[in-house]
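Structure first, commentary second.
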Amino acid sequence: MENKLTLSEYRLLQDLVNQKFSFYSKLSDSDNRTKKMTELLTVAQKIDFVCHEIMASEVKING
């Protein structure tokens with residue numbers, strides 16, 4: 001059995017990443033801030049990629 005997240009669940013993940021990104025952008029320690037924001041950017045890019053893949057597959061199914 002395969003667990004797959006829905007597009008709306010990925011959108012929720014995007015919101016959480018954006019909230020964390022905003023939080024980390026306010027850290028005073030610039031080295032830690034940069035590291036955390038870079039990590040989050042990588043996660044955000046992966047989530048965006050999956051969202052686009054889901055939307056593309058839905059277009060193929062519904063199109």
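Ligands are numbered from 1 in the order shown, residues from 1 within each chain, and chains are lettered A, B, ... in the order they appear in the structure tokens.
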Residues near A:Arg33, cut-off 12 Å, only C-alpha atoms, skip fewer than 4 positions along chain, as number ranges by chain: A: 20-29, 37-40
Within 12 Å of A:Val43 using only C-alpha atoms, minus same-chain residues under 6 positions, as number ranges by chain: A: 10, 13-18, 20-21, 36-37, 49-50
How would the residues just chosen look if you wrote them out with C-alpha atoms as a compact mmCIF listing (two decimals), in the first residue's frame?
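What landed in selection-v8.txt:
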# COMPACT_ATOMS: atom_id res chain seq x y z
CA TYR A 10 1.29 19.52 -0.30
CA LEU A 13 3.30 21.77 3.60
CA GLN A 14 4.15 24.78 1.45
CA ASP A 15 2.40 27.04 3.96
CA LEU A 16 4.34 25.50 6.84
CA VAL A 17 7.64 25.92 5.01
CA ASN A 18 6.77 29.56 4.28
CA LYS A 20 9.31 28.61 9.01
CA PHE A 21 11.14 30.61 6.35
CA LYS A 36 18.24 27.14 7.94
CA MET A 37 16.86 29.27 5.12
CA PHE A 49 8.18 20.10 -7.99
CA VAL A 50 5.81 17.49 -6.57
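Picture a line from atom CA of A:Ala56 to atom CA of A:Leu41; it runs 22.4 Å.
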Between atom CA of A:Glu53 and atom CA of A:Leu7, distance in Å (one decimal): 9.6 Å
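Relative to atom CA of A:Ser8, atom CA of A:Cys51 is found at 9.1 Å.
Comparing A:Thr42, A:Ser57, A:Ser30, A:Gln19 by their smallest distance to A:Thr6, the closest is A:Ser57 (using only C-alpha atoms).
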Residue list (alpha helix (DSSP H), DSSP) for chain A, as a PyMOL selection string: chain A and resi 7-24+30-62
Restricting it to N, CA and C atoms, dump the selection as a compact mmCIF listing (two decimals), in the first residue's frame.
# COMPACT_ATOMS: atom_id res chain seq x y z
N LEU A 7 -2.74 17.04 -3.40
CA LEU A 7 -2.25 18.37 -3.73
C LEU A 7 -2.53 19.35 -2.59
N SER A 8 -3.70 19.24 -1.98
CA SER A 8 -4.01 20.16 -0.87
C SER A 8 -3.10 19.92 0.33
N GLU A 9 -2.70 18.68 0.55
CA GLU A 9 -1.77 18.39 1.65
C GLU A 9 -0.38 18.96 1.34
N TYR A 10 0.02 18.89 0.08
CA TYR A 10 1.29 19.52 -0.30
C TYR A 10 1.22 21.03 -0.15
N ARG A 11 0.06 21.60 -0.45
CA ARG A 11 -0.12 23.05 -0.28
C ARG A 11 0.01 23.43 1.21
N LEU A 12 -0.50 22.59 2.08
CA LEU A 12 -0.35 22.83 3.52
C LEU A 12 1.13 22.79 3.91
N LEU A 13 1.86 21.84 3.34
CA LEU A 13 3.30 21.77 3.60
C LEU A 13 3.99 23.04 3.12
N GLN A 14 3.57 23.54 1.96
CA GLN A 14 4.15 24.78 1.45
C GLN A 14 3.91 25.92 2.44
N ASP A 15 2.71 25.99 2.99
CA ASP A 15 2.40 27.04 3.96
C ASP A 15 3.29 26.93 5.20
N LEU A 16 3.48 25.70 5.67
CA LEU A 16 4.34 25.50 6.84
C LEU A 16 5.78 25.91 6.55
N VAL A 17 6.27 25.55 5.38
CA VAL A 17 7.64 25.92 5.01
C VAL A 17 7.76 27.44 4.94
N ASN A 18 6.75 28.10 4.37
CA ASN A 18 6.77 29.56 4.28
C ASN A 18 6.78 30.21 5.67
N GLN A 19 6.02 29.64 6.59
CA GLN A 19 6.00 30.16 7.96
C GLN A 19 7.37 30.00 8.62
N LYS A 20 7.98 28.84 8.44
CA LYS A 20 9.31 28.61 9.01
C LYS A 20 10.33 29.54 8.37
N PHE A 21 10.22 29.73 7.06
CA PHE A 21 11.14 30.61 6.35
C PHE A 21 11.06 32.02 6.93
N SER A 22 9.85 32.47 7.17
CA SER A 22 9.65 33.80 7.76
C SER A 22 10.26 33.86 9.16
N PHE A 23 10.07 32.82 9.94
CA PHE A 23 10.63 32.75 11.29
C PHE A 23 12.16 32.80 11.24
N TYR A 24 12.75 31.96 10.40
CA TYR A 24 14.21 31.89 10.31
C TYR A 24 14.81 33.18 9.77
N SER A 30 23.44 35.14 11.89
CA SER A 30 23.39 35.11 10.42
C SER A 30 23.83 33.78 9.83
N ASP A 31 24.83 33.11 10.44
CA ASP A 31 25.27 31.82 9.92
C ASP A 31 24.16 30.78 10.03
N ASN A 32 23.54 30.71 11.20
CA ASN A 32 22.45 29.76 11.43
C ASN A 32 21.25 30.12 10.56
N ARG A 33 20.95 31.41 10.46
CA ARG A 33 19.83 31.87 9.65
C ARG A 33 20.02 31.44 8.20
N THR A 34 21.20 31.67 7.65
CA THR A 34 21.48 31.32 6.26
C THR A 34 21.37 29.82 6.04
N LYS A 35 21.90 29.05 6.97
CA LYS A 35 21.85 27.59 6.86
C LYS A 35 20.40 27.10 6.87
N LYS A 36 19.63 27.57 7.82
CA LYS A 36 18.24 27.14 7.94
C LYS A 36 17.41 27.57 6.72
N MET A 37 17.63 28.78 6.26
CA MET A 37 16.86 29.27 5.12
C MET A 37 17.24 28.50 3.84
N THR A 38 18.50 28.14 3.70
CA THR A 38 18.93 27.35 2.55
C THR A 38 18.29 25.97 2.58
N GLU A 39 18.26 25.36 3.76
CA GLU A 39 17.62 24.05 3.90
C GLU A 39 16.13 24.13 3.54
N LEU A 40 15.47 25.17 4.02
CA LEU A 40 14.05 25.33 3.73
C LEU A 40 13.80 25.60 2.26
N LEU A 41 14.68 26.33 1.63
CA LEU A 41 14.54 26.60 0.21
C LEU A 41 14.60 25.30 -0.59
N THR A 42 15.50 24.42 -0.20
CA THR A 42 15.60 23.11 -0.85
C THR A 42 14.31 22.32 -0.68
N VAL A 43 13.77 22.31 0.53
CA VAL A 43 12.52 21.61 0.80
C VAL A 43 11.38 22.24 -0.02
N ALA A 44 11.33 23.56 -0.06
CA ALA A 44 10.28 24.25 -0.81
C ALA A 44 10.35 23.91 -2.29
N GLN A 45 11.54 23.83 -2.83
CA GLN A 45 11.69 23.49 -4.25
C GLN A 45 11.20 22.07 -4.53
N LYS A 46 11.47 21.15 -3.62
CA LYS A 46 11.01 19.77 -3.79
C LYS A 46 9.48 19.70 -3.72
N ILE A 47 8.90 20.43 -2.78
CA ILE A 47 7.44 20.46 -2.65
C ILE A 47 6.82 21.06 -3.91
N ASP A 48 7.38 22.16 -4.41
CA ASP A 48 6.88 22.77 -5.64
C ASP A 48 6.94 21.80 -6.81
N PHE A 49 8.03 21.07 -6.92
CA PHE A 49 8.18 20.10 -7.99
C PHE A 49 7.08 19.05 -7.93
N VAL A 50 6.84 18.52 -6.73
CA VAL A 50 5.81 17.49 -6.57
C VAL A 50 4.43 18.06 -6.88
N CYS A 51 4.17 19.28 -6.44
CA CYS A 51 2.87 19.92 -6.74
C CYS A 51 2.66 20.03 -8.25
N HIS A 52 3.70 20.44 -8.95
CA HIS A 52 3.59 20.56 -10.41
C HIS A 52 3.37 19.19 -11.05
N GLU A 53 4.03 18.16 -10.52
CA GLU A 53 3.83 16.81 -11.04
C GLU A 53 2.40 16.34 -10.81
N ILE A 54 1.86 16.62 -9.64
CA ILE A 54 0.48 16.22 -9.34
C ILE A 54 -0.48 16.95 -10.27
N MET A 55 -0.28 18.25 -10.43
CA MET A 55 -1.17 19.02 -11.31
C MET A 55 -1.08 18.53 -12.75
N ALA A 56 0.12 18.20 -13.20
CA ALA A 56 0.29 17.69 -14.56
C ALA A 56 -0.42 16.35 -14.74
N SER A 57 -0.32 15.49 -13.73
CA SER A 57 -1.00 14.19 -13.83
C SER A 57 -2.51 14.35 -13.80
N GLU A 58 -3.01 15.33 -13.06
CA GLU A 58 -4.45 15.58 -13.02
C GLU A 58 -4.94 16.10 -14.37
N VAL A 59 -4.12 16.92 -15.03
CA VAL A 59 -4.48 17.43 -16.35
C VAL A 59 -4.57 16.27 -17.35
N LYS A 60 -3.61 15.35 -17.26
CA LYS A 60 -3.61 14.18 -18.16
C LYS A 60 -4.85 13.32 -17.92
N ILE A 61 -5.22 13.14 -16.64
CA ILE A 61 -6.38 12.31 -16.31
C ILE A 61 -7.67 13.00 -16.74
N ASN A 62 -7.78 14.28 -16.43
CA ASN A 62 -9.01 15.02 -16.71
C ASN A 62 -9.05 15.61 -18.11
